Structure formats: structure tokens, C-alpha cells
Amino acid sequence: MSTLDAAPIEVICSASHATGIEVLSPRAVPLGGPRGIRVQRTLPQRRRSLVGAWCFVDHYGPVSARMDVAPHPHTGLQTVSWLFSGEVEHRDSAGVHAIVRPGELNLMTAGAGICHSEVSVGARVLHGAQLWVALPDSARNTGRDFAHYRPSPISLPGAAARVFLGELAGSRSPVHTFTPLLGAQIDLTAQAALVIDVDPAFEHAVLCDTGDLEMRGNALTVGDLGYQGPGDTTLPLRNIAARPARVLLLGGTPFTEELVMWWNFVGRSHDDIVAYRQQWQDGDERFGVVTGYQGTVARLPAPPLPTTRLLPRPLPSRKESQ
């Protein structure tokens, strides 16, 4: 999935070790052109850029609209596609052609560079989330890869869960990640109260997909992202409505490396981003070529860079020590 902001700003991602609950509200962003769909983006924000290595969270639908995102590049990340309804055709420059279906993880590793397209299939209602995971410096130049996994549901008190990355409640995903992560869909029955045992080394975020919830007394409505810092061994959720609710639970150990995110690139410096953009514009082999895409635009051009240099912000620990 590509960010199609006409003038994307750079986002400097820094680790944060705040405790307690933060509730982040989304902003609307167009996807797939003016006749495409609008997504609700909760990460990155200036208040918080990362949850573990999770650096990008888009939530969309349910909507009866066509998704058609022409081939576009990525560097330094993994994309995580998770659908609740609809189907999306994925093609990438590693030669992968796959259909993304509800309840099935599709994870694409960009590494040093990849490009891919995404097109909705048929007239089905689209509803899902697109997530990015930042790769650590030791792995950001790894090769292109793709993984598919369909997790089986597990029972929790008043809920069911599908663990697509990491481990929760005895269910473990076999899909490889480069930093410790958690990703799970949790469906809560009406007025259910659930206390989830979590790794205290992780920070966690709960994305509300449907329903009305409380997270340690903080209200979450559709599209909100509730953040809990590391140190807690439990994460309580309560469905306060007389109808089912659904969330995505994301987690990971705090990411301690500075990142510069701009458009679809994750790098470490201004010069990284400038080089990636130019290589994409030049058709460099870093990104390869998608075959089989039949849209009206062969590939998405990169937007202009900002007129000022992209400068990393200091990590919180450095800022506090000044």
C-alpha cells in the first residue's frame, strides 16, 4: 500500500517509553487516486511514531469501492496486509502473485528494495488494515521476501483471537520477523471483559475496528488506537456495547533506532531518502519490476521532496539528558 499524500512530510520515528494509556485518533488519507478509497491513518503521528517496530497503521472500510494502487516502491520495511472482508490481488517484483483474503496474513519484506501493486478483486466490500514494520539496521538491506499464513482461532474468555505474528495465549505464528512483535485479531462478544496476559517488555497498541471499547478506562471508538507502554503484564479490554467488537492488538519491544520515513521509504538519513527516490524515478534495478499489472498508470511517480533537509529528531533518552 502506498501513501498518496500530494506533499508527504518526513516523519522522524523515535522510541518512546511513556507509561499509561494514550488514545490516538486517525486522520483521513486518500488511497488509489481521487476515485479510490479513503483510509484512516493512526500511525505515524507527531505524538507517537512507533509501537515496537510497527511504524504505519492504515484502517479502511467497510466500503464498496475499488482499490487500484499501481506499482510503487518500498525500502527498509515489511508490509502486513490483514483483511476483514473483500479480496485484494497482490503482485510484486519478487515474482509473487497472491490474493489477500480475510483472516490470512500476507507479509511482504521490502529489504533493500521492492515494488508491488494492489488491486481489489470483484465488487466485494473492502474492510481491513495495512500495516508497516520497520526493519532494524542489521536487516534493512535484506532480500525481498513474501510470507502467507492463515492462523486458526483460539478461545479466550468472552473472545476469540487469531495470532498472525508473534505469540499470544499459547498460540504462536511461524512467520519470521526481524524484531520481537505481536499481531492478533481479537473478536469480543457483547459486553465482554477481557484481561490479556502480555509481555511486559513490549509496548502495545489496540486498533478499534468495530464497536465501543474501554482500555483501562479510556474509551476507544472505531479507528482509534490505544497505546500502552512497556512494564505491564496485562492489558484489559472491555466491550461496553450490546454488540460484538473487534480489534487488532499490536505489540513489540521498543524500537531504539532513529528512522526517517518519507512517502514509501524507510531510511536512516536525508541522503538515504534522496537516493531511494532518485533510483525509483530512474527505474533502477534496486526495486525490480512488477509483471501482470494492468492498470492505466504503469507505476506511481514519486512526489517532490520537501525544500528543507530531512533531519532526524533526537531520541527521547538523548533529549531528556540535555
# chains A, B, ... in the order shown; residues from 1 in each chain; ligands from 1
>>> residues_around(residues="stretch 89-102 of chain A", least_positions_apart="2", cutoff="8 Å", atoms="only C-alpha atoms", output="number ranges by chain")
A: 71, 81-87, 104-106, 114-121, 144-146, 287-293
>>> write_last_selection(atoms="N, CA and C atoms", output="compact mmCIF listing (two decimals), in the first residue's frame")
# COMPACT_ATOMS: atom_id res chain seq x y z
N PRO A 71 2.03 -0.07 -9.33
CA PRO A 71 3.32 -0.41 -8.74
C PRO A 71 4.01 0.79 -8.10
N SER A 81 -0.54 -7.11 5.44
CA SER A 81 -1.90 -6.93 4.94
C SER A 81 -2.84 -7.86 5.70
N TRP A 82 -3.94 -7.27 6.23
CA TRP A 82 -4.91 -8.05 7.00
C TRP A 82 -6.30 -7.56 6.66
N LEU A 83 -7.13 -8.45 6.14
CA LEU A 83 -8.48 -8.10 5.70
C LEU A 83 -9.54 -8.69 6.63
N PHE A 84 -10.64 -7.94 6.78
CA PHE A 84 -11.84 -8.44 7.44
C PHE A 84 -12.88 -8.86 6.42
N SER A 85 -12.90 -8.20 5.25
CA SER A 85 -13.78 -8.60 4.15
C SER A 85 -13.17 -8.10 2.85
N GLY A 86 -13.59 -8.73 1.73
CA GLY A 86 -13.06 -8.38 0.42
C GLY A 86 -11.84 -9.21 0.06
N GLU A 87 -11.33 -8.97 -1.14
CA GLU A 87 -10.12 -9.63 -1.61
C GLU A 87 -9.28 -8.61 -2.38
N GLU A 104 -6.25 -13.97 6.67
CA GLU A 104 -4.99 -14.54 6.20
C GLU A 104 -3.92 -13.45 6.17
N LEU A 105 -2.78 -13.73 6.79
CA LEU A 105 -1.67 -12.80 6.78
C LEU A 105 -0.92 -12.87 5.46
N ASN A 106 -0.67 -11.71 4.88
CA ASN A 106 0.27 -11.60 3.77
C ASN A 106 1.33 -10.59 4.19
N ILE A 114 11.85 -3.10 -3.10
CA ILE A 114 10.84 -3.90 -3.78
C ILE A 114 9.80 -2.95 -4.33
N CYS A 115 9.03 -3.40 -5.31
CA CYS A 115 7.84 -2.65 -5.70
C CYS A 115 6.68 -3.64 -5.85
N HIS A 116 5.46 -3.13 -5.66
CA HIS A 116 4.29 -4.01 -5.74
C HIS A 116 3.06 -3.21 -6.11
N SER A 117 2.03 -3.93 -6.55
CA SER A 117 0.73 -3.33 -6.86
C SER A 117 -0.34 -4.03 -6.03
N GLU A 118 -1.47 -3.31 -5.84
CA GLU A 118 -2.60 -3.84 -5.08
C GLU A 118 -3.89 -3.45 -5.78
N VAL A 119 -4.70 -4.46 -6.10
CA VAL A 119 -5.95 -4.21 -6.83
C VAL A 119 -7.05 -5.06 -6.19
N SER A 120 -8.16 -4.43 -5.83
CA SER A 120 -9.26 -5.19 -5.26
C SER A 120 -9.88 -6.11 -6.30
N VAL A 121 -10.42 -7.24 -5.83
CA VAL A 121 -10.97 -8.27 -6.71
C VAL A 121 -12.48 -8.26 -6.60
N ARG A 144 14.34 -9.44 -0.89
CA ARG A 144 12.88 -9.43 -0.98
C ARG A 144 12.33 -10.78 -0.54
N ASP A 145 11.14 -10.73 0.09
CA ASP A 145 10.54 -11.98 0.54
C ASP A 145 9.04 -11.78 0.70
N PHE A 146 8.34 -12.90 0.82
CA PHE A 146 6.88 -12.87 1.00
C PHE A 146 6.48 -14.09 1.81
N PHE A 287 14.61 -1.81 -7.23
CA PHE A 287 13.21 -2.08 -6.94
C PHE A 287 12.60 -3.16 -7.82
N GLY A 288 13.28 -3.53 -8.91
CA GLY A 288 12.74 -4.54 -9.80
C GLY A 288 11.51 -4.05 -10.53
N VAL A 289 10.77 -5.00 -11.12
CA VAL A 289 9.61 -4.67 -11.96
C VAL A 289 8.46 -5.61 -11.62
N VAL A 290 7.25 -5.06 -11.53
CA VAL A 290 6.03 -5.85 -11.35
C VAL A 290 5.52 -6.27 -12.72
N THR A 291 5.24 -7.55 -12.90
CA THR A 291 4.67 -8.03 -14.15
C THR A 291 3.21 -8.42 -13.93
N GLY A 292 2.39 -8.16 -14.95
CA GLY A 292 0.99 -8.58 -14.90
C GLY A 292 0.02 -7.52 -14.45
N TYR A 293 0.50 -6.38 -13.95
CA TYR A 293 -0.41 -5.31 -13.54
C TYR A 293 -0.99 -4.65 -14.78
>>> residues_around(residues="A:Gln185", least_positions_apart="3", cutoff="10 Å", atoms="only C-alpha atoms", output="PDB file with all heavy atoms, in the first residue's frame")
ATOM      1  N   TRP A  82      -3.938  -7.269   6.229  1.00  0.00           N
ATOM      2  CA  TRP A  82      -4.909  -8.053   7.002  1.00  0.00           C
ATOM      3  C   TRP A  82      -6.304  -7.559   6.658  1.00  0.00           C
ATOM      4  O   TRP A  82      -6.618  -6.392   6.848  1.00  0.00           O
ATOM      5  CB  TRP A  82      -4.642  -7.916   8.502  1.00  0.00           C
ATOM      6  CG  TRP A  82      -5.492  -8.815   9.339  1.00  0.00           C
ATOM      7  CD1 TRP A  82      -6.637  -8.491  10.018  1.00  0.00           C
ATOM      8  CD2 TRP A  82      -5.288 -10.220   9.578  1.00  0.00           C
ATOM      9  NE1 TRP A  82      -7.144  -9.593  10.663  1.00  0.00           N
ATOM     10  CE2 TRP A  82      -6.335 -10.671  10.413  1.00  0.00           C
ATOM     11  CE3 TRP A  82      -4.315 -11.124   9.163  1.00  0.00           C
ATOM     12  CZ2 TRP A  82      -6.428 -11.985  10.842  1.00  0.00           C
ATOM     13  CZ3 TRP A  82      -4.419 -12.441   9.589  1.00  0.00           C
ATOM     14  CH2 TRP A  82      -5.457 -12.860  10.415  1.00  0.00           C
ATOM     15  N   PHE A  84     -10.638  -7.942   6.780  1.00  0.00           N
ATOM     16  CA  PHE A  84     -11.837  -8.445   7.445  1.00  0.00           C
ATOM     17  C   PHE A  84     -12.883  -8.863   6.418  1.00  0.00           C
ATOM     18  O   PHE A  84     -13.707  -9.732   6.681  1.00  0.00           O
ATOM     19  CB  PHE A  84     -12.418  -7.375   8.372  1.00  0.00           C
ATOM     20  CG  PHE A  84     -11.431  -6.844   9.374  1.00  0.00           C
ATOM     21  CD1 PHE A  84     -11.044  -5.518   9.353  1.00  0.00           C
ATOM     22  CD2 PHE A  84     -10.887  -7.686  10.335  1.00  0.00           C
ATOM     23  CE1 PHE A  84     -10.140  -5.026  10.274  1.00  0.00           C
ATOM     24  CE2 PHE A  84      -9.972  -7.201  11.262  1.00  0.00           C
ATOM     25  CZ  PHE A  84      -9.595  -5.866  11.233  1.00  0.00           C
ATOM     26  N   GLY A 103      -8.726 -12.889   7.163  1.00  0.00           N
ATOM     27  CA  GLY A 103      -8.184 -13.836   8.126  1.00  0.00           C
ATOM     28  C   GLY A 103      -6.895 -14.487   7.713  1.00  0.00           C
ATOM     29  O   GLY A 103      -6.457 -15.453   8.355  1.00  0.00           O
ATOM     30  N   PRO A 151      -3.884 -18.107  10.416  1.00  0.00           N
ATOM     31  CA  PRO A 151      -3.925 -18.590  11.797  1.00  0.00           C
ATOM     32  C   PRO A 151      -5.285 -19.178  12.153  1.00  0.00           C
ATOM     33  O   PRO A 151      -6.327 -18.693  11.701  1.00  0.00           O
ATOM     34  CB  PRO A 151      -3.648 -17.330  12.621  1.00  0.00           C
ATOM     35  CG  PRO A 151      -4.130 -16.210  11.755  1.00  0.00           C
ATOM     36  CD  PRO A 151      -3.877 -16.629  10.338  1.00  0.00           C
ATOM     37  N   PRO A 153      -8.292 -19.790  14.848  1.00  0.00           N
ATOM     38  CA  PRO A 153      -8.788 -19.032  16.008  1.00  0.00           C
ATOM     39  C   PRO A 153      -8.569 -19.787  17.300  1.00  0.00           C
ATOM     40  O   PRO A 153      -8.611 -21.019  17.335  1.00  0.00           O
ATOM     41  CB  PRO A 153     -10.271 -18.856  15.700  1.00  0.00           C
ATOM     42  CG  PRO A 153     -10.615 -19.972  14.758  1.00  0.00           C
ATOM     43  CD  PRO A 153      -9.376 -20.243  13.962  1.00  0.00           C
ATOM     44  N   ALA A 160     -12.446 -14.385  20.919  1.00  0.00           N
ATOM     45  CA  ALA A 160     -11.661 -15.302  20.087  1.00  0.00           C
ATOM     46  C   ALA A 160     -10.530 -14.501  19.475  1.00  0.00           C
ATOM     47  O   ALA A 160     -10.670 -13.302  19.200  1.00  0.00           O
ATOM     48  CB  ALA A 160     -12.518 -15.935  19.002  1.00  0.00           C
ATOM     49  N   ALA A 161      -9.384 -15.139  19.272  1.00  0.00           N
ATOM     50  CA  ALA A 161      -8.214 -14.449  18.748  1.00  0.00           C
ATOM     51  C   ALA A 161      -7.591 -15.238  17.615  1.00  0.00           C
ATOM     52  O   ALA A 161      -7.633 -16.474  17.599  1.00  0.00           O
ATOM     53  CB  ALA A 161      -7.185 -14.213  19.843  1.00  0.00           C
ATOM     54  N   ARG A 162      -7.000 -14.507  16.673  1.00  0.00           N
ATOM     55  CA  ARG A 162      -6.192 -15.075  15.602  1.00  0.00           C
ATOM     56  C   ARG A 162      -4.831 -14.394  15.658  1.00  0.00           C
ATOM     57  O   ARG A 162      -4.725 -13.198  15.406  1.00  0.00           O
ATOM     58  CB  ARG A 162      -6.848 -14.869  14.233  1.00  0.00           C
ATOM     59  CG  ARG A 162      -8.120 -15.679  14.024  1.00  0.00           C
ATOM     60  CD  ARG A 162      -8.798 -15.303  12.716  1.00  0.00           C
ATOM     61  NE  ARG A 162      -9.895 -16.192  12.383  1.00  0.00           N
ATOM     62  CZ  ARG A 162     -11.122 -16.091  12.876  1.00  0.00           C
ATOM     63  NH1 ARG A 162     -11.407 -15.109  13.729  1.00  0.00           N
ATOM     64  NH2 ARG A 162     -12.064 -16.937  12.534  1.00  0.00           N
ATOM     65  N   VAL A 163      -3.805 -15.139  15.994  1.00  0.00           N
ATOM     66  CA  VAL A 163      -2.467 -14.583  16.180  1.00  0.00           C
ATOM     67  C   VAL A 163      -1.690 -14.743  14.874  1.00  0.00           C
ATOM     68  O   VAL A 163      -1.318 -15.854  14.499  1.00  0.00           O
ATOM     69  CB  VAL A 163      -1.730 -15.284  17.341  1.00  0.00           C
ATOM     70  CG1 VAL A 163      -0.347 -14.670  17.546  1.00  0.00           C
ATOM     71  CG2 VAL A 163      -2.560 -15.208  18.623  1.00  0.00           C
ATOM     72  N   PHE A 164      -1.458 -13.627  14.185  1.00  0.00           N
ATOM     73  CA  PHE A 164      -0.786 -13.718  12.883  1.00  0.00           C
ATOM     74  C   PHE A 164       0.698 -13.404  12.953  1.00  0.00           C
ATOM     75  O   PHE A 164       1.453 -13.776  12.053  1.00  0.00           O
ATOM     76  CB  PHE A 164      -1.493 -12.857  11.832  1.00  0.00           C
ATOM     77  CG  PHE A 164      -1.742 -11.421  12.195  1.00  0.00           C
ATOM     78  CD1 PHE A 164      -0.753 -10.462  12.013  1.00  0.00           C
ATOM     79  CD2 PHE A 164      -2.978 -11.024  12.685  1.00  0.00           C
ATOM     80  CE1 PHE A 164      -0.984  -9.135  12.326  1.00  0.00           C
ATOM     81  CE2 PHE A 164      -3.228  -9.696  12.989  1.00  0.00           C
ATOM     82  CZ  PHE A 164      -2.224  -8.738  12.814  1.00  0.00           C
ATOM     83  N   LEU A 188     -14.454  -9.676  20.401  1.00  0.00           N
ATOM     84  CA  LEU A 188     -15.065  -9.725  21.723  1.00  0.00           C
ATOM     85  C   LEU A 188     -16.577  -9.844  21.595  1.00  0.00           C
ATOM     86  O   LEU A 188     -17.201  -9.163  20.768  1.00  0.00           O
ATOM     87  CB  LEU A 188     -14.732  -8.474  22.536  1.00  0.00           C
ATOM     88  CG  LEU A 188     -13.268  -8.276  22.948  1.00  0.00           C
ATOM     89  CD1 LEU A 188     -12.518  -7.494  21.883  1.00  0.00           C
ATOM     90  CD2 LEU A 188     -13.180  -7.562  24.285  1.00  0.00           C
ATOM     91  N   VAL A 206      -3.867  -1.028  20.638  1.00  0.00           N
ATOM     92  CA  VAL A 206      -5.127  -1.657  20.279  1.00  0.00           C
ATOM     93  C   VAL A 206      -5.821  -0.768  19.256  1.00  0.00           C
ATOM     94  O   VAL A 206      -6.156   0.381  19.550  1.00  0.00           O
ATOM     95  CB  VAL A 206      -6.023  -1.845  21.518  1.00  0.00           C
ATOM     96  CG1 VAL A 206      -7.407  -2.364  21.115  1.00  0.00           C
ATOM     97  CG2 VAL A 206      -5.371  -2.804  22.511  1.00  0.00           C
ATOM     98  N   LEU A 207      -6.021  -1.292  18.045  1.00  0.00           N
ATOM     99  CA  LEU A 207      -6.748  -0.577  16.999  1.00  0.00           C
ATOM    100  C   LEU A 207      -8.195  -1.041  17.026  1.00  0.00           C
ATOM    101  O   LEU A 207      -8.482  -2.231  16.823  1.00  0.00           O
ATOM    102  CB  LEU A 207      -6.139  -0.864  15.626  1.00  0.00           C
ATOM    103  CG  LEU A 207      -6.891  -0.277  14.423  1.00  0.00           C
ATOM    104  CD1 LEU A 207      -6.843   1.246  14.431  1.00  0.00           C
ATOM    105  CD2 LEU A 207      -6.333  -0.833  13.111  1.00  0.00           C
ATOM    106  N   ASP A 209     -11.523  -1.696  15.496  1.00  0.00           N
ATOM    107  CA  ASP A 209     -12.091  -1.862  14.157  1.00  0.00           C
ATOM    108  C   ASP A 209     -13.602  -1.690  14.163  1.00  0.00           C
ATOM    109  O   ASP A 209     -14.158  -0.983  13.327  1.00  0.00           O
ATOM    110  CB  ASP A 209     -11.727  -3.241  13.608  1.00  0.00           C
ATOM    111  CG  ASP A 209     -12.448  -3.529  12.302  1.00  0.00           C
ATOM    112  OD1 ASP A 209     -12.256  -2.765  11.342  1.00  0.00           O
ATOM    113  OD2 ASP A 209     -13.235  -4.501  12.258  1.00  0.00           O
ATOM    114  N   ARG A 246     -14.463  -5.691  17.601  1.00  0.00           N
ATOM    115  CA  ARG A 246     -13.272  -6.335  17.013  1.00  0.00           C
ATOM    116  C   ARG A 246     -12.111  -5.359  17.053  1.00  0.00           C
ATOM    117  O   ARG A 246     -12.262  -4.164  16.763  1.00  0.00           O
ATOM    118  CB  ARG A 246     -13.553  -6.759  15.571  1.00  0.00           C
ATOM    119  CG  ARG A 246     -12.359  -7.435  14.879  1.00  0.00           C
ATOM    120  CD  ARG A 246     -12.791  -8.095  13.583  1.00  0.00           C
ATOM    121  NE  ARG A 246     -13.406  -7.150  12.666  1.00  0.00           N
ATOM    122  CZ  ARG A 246     -14.292  -7.488  11.719  1.00  0.00           C
ATOM    123  NH1 ARG A 246     -14.668  -8.752  11.590  1.00  0.00           N
ATOM    124  NH2 ARG A 246     -14.791  -6.567  10.918  1.00  0.00           N
ATOM    125  N   VAL A 247     -10.928  -5.868  17.402  1.00  0.00           N
ATOM    126  CA  VAL A 247      -9.732  -5.040  17.474  1.00  0.00           C
ATOM    127  C   VAL A 247      -8.558  -5.777  16.843  1.00  0.00           C
ATOM    128  O   VAL A 247      -8.586  -7.004  16.685  1.00  0.00           O
ATOM    129  CB  VAL A 247      -9.370  -4.678  18.932  1.00  0.00           C
ATOM    130  CG1 VAL A 247     -10.537  -4.010  19.638  1.00  0.00           C
ATOM    131  CG2 VAL A 247      -8.896  -5.898  19.722  1.00  0.00           C
ATOM    132  N   LEU A 248      -7.532  -5.011  16.515  1.00  0.00           N
ATOM    133  CA  LEU A 248      -6.214  -5.568  16.245  1.00  0.00           C
ATOM    134  C   LEU A 248      -5.309  -5.185  17.406  1.00  0.00           C
ATOM    135  O   LEU A 248      -5.247  -4.016  17.805  1.00  0.00           O
ATOM    136  CB  LEU A 248      -5.633  -5.024  14.936  1.00  0.00           C
ATOM    137  CG  LEU A 248      -6.282  -5.481  13.637  1.00  0.00           C
ATOM    138  CD1 LEU A 248      -5.516  -4.918  12.435  1.00  0.00           C
ATOM    139  CD2 LEU A 248      -6.355  -7.006  13.543  1.00  0.00           C
ATOM    140  N   LEU A 249      -4.628  -6.178  17.954  1.00  0.00           N
ATOM    141  CA  LEU A 249      -3.659  -5.959  19.014  1.00  0.00           C
ATOM    142  C   LEU A 249      -2.261  -6.047  18.418  1.00  0.00           C
ATOM    143  O   LEU A 249      -1.891  -7.069  17.826  1.00  0.00           O
ATOM    144  CB  LEU A 249      -3.833  -7.009  20.121  1.00  0.00           C
ATOM    145  CG  LEU A 249      -2.787  -7.007  21.235  1.00  0.00           C
ATOM    146  CD1 LEU A 249      -2.774  -5.680  21.985  1.00  0.00           C
ATOM    147  CD2 LEU A 249      -3.031  -8.167  22.196  1.00  0.00           C
ATOM    148  N   LEU A 250      -1.506  -4.958  18.545  1.00  0.00           N
ATOM    149  CA  LEU A 250      -0.147  -4.882  18.017  1.00  0.00           C
ATOM    150  C   LEU A 250       0.820  -4.662  19.169  1.00  0.00           C
ATOM    151  O   LEU A 250       0.492  -3.985  20.154  1.00  0.00           O
ATOM    152  CB  LEU A 250      -0.018  -3.726  17.027  1.00  0.00           C
ATOM    153  CG  LEU A 250      -1.050  -3.665  15.906  1.00  0.00           C
ATOM    154  CD1 LEU A 250      -0.862  -2.392  15.084  1.00  0.00           C
ATOM    155  CD2 LEU A 250      -0.962  -4.908  15.019  1.00  0.00           C
TER     156      LEU A 250
END
>>> atom_distance(atom1="atom CA of A:Ala123", atom2="atom CA of A:Arg66")
7.7 Å
>>> select_by_dssp(residues="stretch 75-266 of chain A", states="strand (DSSP E)", output="ChimeraX atom specification")
/A:77-85,88-92,97-100,105-109,114-120,126-134,145-149,154-156,159-165,167-168,171-172,181-188,193-197,203-210,213-215,218-220,225-228,234-239,245-252,259-262,265-266
>>> closest_residue(among="A:Gly76, A:Pro236, A:Gly231, A:Gly226", to="A:Asp272", atoms="only C-alpha atoms")
A:Gly76
>>> atom_distance(atom1="atom CA of A:His204", atom2="atom CA of A:Ala110")
24.0 Å
>>> decode(residues="stretch 90-100 of chain A", atoms="all heavy atoms", output="tab-separated table (two decimals), in the first residue's frame")
chain	number	residue	atom	x	y	z
A	90	HIS	N	-2.35	-9.09	-5.08
A	90	HIS	CA	-1.00	-8.57	-4.83
A	90	HIS	C	-0.04	-9.11	-5.88
A	90	HIS	O	0.00	-10.30	-6.15
A	90	HIS	CB	-0.55	-9.01	-3.43
A	90	HIS	CG	0.93	-8.85	-3.18
A	90	HIS	ND1	1.45	-7.78	-2.51
A	90	HIS	CD2	1.99	-9.63	-3.53
A	90	HIS	CE1	2.77	-7.90	-2.44
A	90	HIS	NE2	3.12	-9.02	-3.05
A	91	ARG	N	0.75	-8.20	-6.47
A	91	ARG	CA	1.85	-8.58	-7.36
A	91	ARG	C	3.08	-7.81	-6.93
A	91	ARG	O	3.00	-6.62	-6.62
A	91	ARG	CB	1.53	-8.26	-8.82
A	91	ARG	CG	0.35	-9.04	-9.41
A	91	ARG	CD	0.08	-8.60	-10.85
A	91	ARG	NE	-1.08	-9.25	-11.41
A	91	ARG	CZ	-1.06	-10.40	-12.10
A	91	ARG	NH1	0.11	-11.00	-12.32
A	91	ARG	NH2	-2.16	-10.93	-12.56
A	92	ASP	N	4.24	-8.46	-6.92
A	92	ASP	CA	5.45	-7.74	-6.53
A	92	ASP	C	6.63	-8.13	-7.41
A	92	ASP	O	6.55	-9.08	-8.22
A	92	ASP	CB	5.76	-7.90	-5.05
A	92	ASP	CG	6.17	-9.30	-4.64
A	92	ASP	OD1	6.92	-9.96	-5.38
A	92	ASP	OD2	5.76	-9.75	-3.54
A	93	SER	N	7.72	-7.38	-7.25
A	93	SER	CA	8.90	-7.56	-8.10
A	93	SER	C	9.76	-8.74	-7.68
A	93	SER	O	10.79	-9.01	-8.31
A	93	SER	CB	9.73	-6.28	-8.12
A	93	SER	OG	10.10	-5.88	-6.82
A	94	ALA	N	9.34	-9.47	-6.63
A	94	ALA	CA	9.97	-10.75	-6.32
A	94	ALA	C	9.31	-11.88	-7.10
A	94	ALA	O	9.67	-13.04	-6.93
A	94	ALA	CB	9.90	-11.03	-4.82
A	95	GLY	N	8.32	-11.54	-7.93
A	95	GLY	CA	7.61	-12.53	-8.73
A	95	GLY	C	6.42	-13.14	-8.04
A	95	GLY	O	5.82	-14.09	-8.56
A	96	VAL	N	6.02	-12.60	-6.91
A	96	VAL	CA	4.89	-13.14	-6.15
A	96	VAL	C	3.59	-12.60	-6.72
A	96	VAL	O	3.44	-11.39	-6.96
A	96	VAL	CB	4.99	-12.80	-4.66
A	96	VAL	CG1	3.75	-13.26	-3.91
A	96	VAL	CG2	6.24	-13.44	-4.06
A	97	HIS	N	2.62	-13.48	-6.94
A	97	HIS	CA	1.25	-13.12	-7.30
A	97	HIS	C	0.34	-13.85	-6.31
A	97	HIS	O	0.31	-15.08	-6.28
A	97	HIS	CB	0.93	-13.55	-8.74
A	97	HIS	CG	-0.48	-13.26	-9.15
A	97	HIS	ND1	-1.15	-14.03	-10.08
A	97	HIS	CD2	-1.34	-12.30	-8.76
A	97	HIS	CE1	-2.37	-13.55	-10.25
A	97	HIS	NE2	-2.51	-12.50	-9.45
A	98	ALA	N	-0.35	-13.08	-5.47
A	98	ALA	CA	-1.14	-13.69	-4.40
A	98	ALA	C	-2.44	-12.92	-4.24
A	98	ALA	O	-2.55	-11.75	-4.60
A	98	ALA	CB	-0.37	-13.68	-3.09
A	99	ILE	N	-3.44	-13.60	-3.68
A	99	ILE	CA	-4.71	-12.97	-3.32
A	99	ILE	C	-4.77	-12.85	-1.81
A	99	ILE	O	-4.63	-13.84	-1.09
A	99	ILE	CB	-5.91	-13.79	-3.84
A	99	ILE	CG1	-5.84	-13.95	-5.37
A	99	ILE	CG2	-7.22	-13.10	-3.45
A	99	ILE	CD1	-5.92	-12.65	-6.15
A	100	VAL	N	-4.95	-11.62	-1.34
A	100	VAL	CA	-5.11	-11.36	0.08
A	100	VAL	C	-6.57	-11.59	0.45
A	100	VAL	O	-7.46	-10.98	-0.14
A	100	VAL	CB	-4.69	-9.92	0.43
A	100	VAL	CG1	-4.76	-9.69	1.94
A	100	VAL	CG2	-3.29	-9.63	-0.09
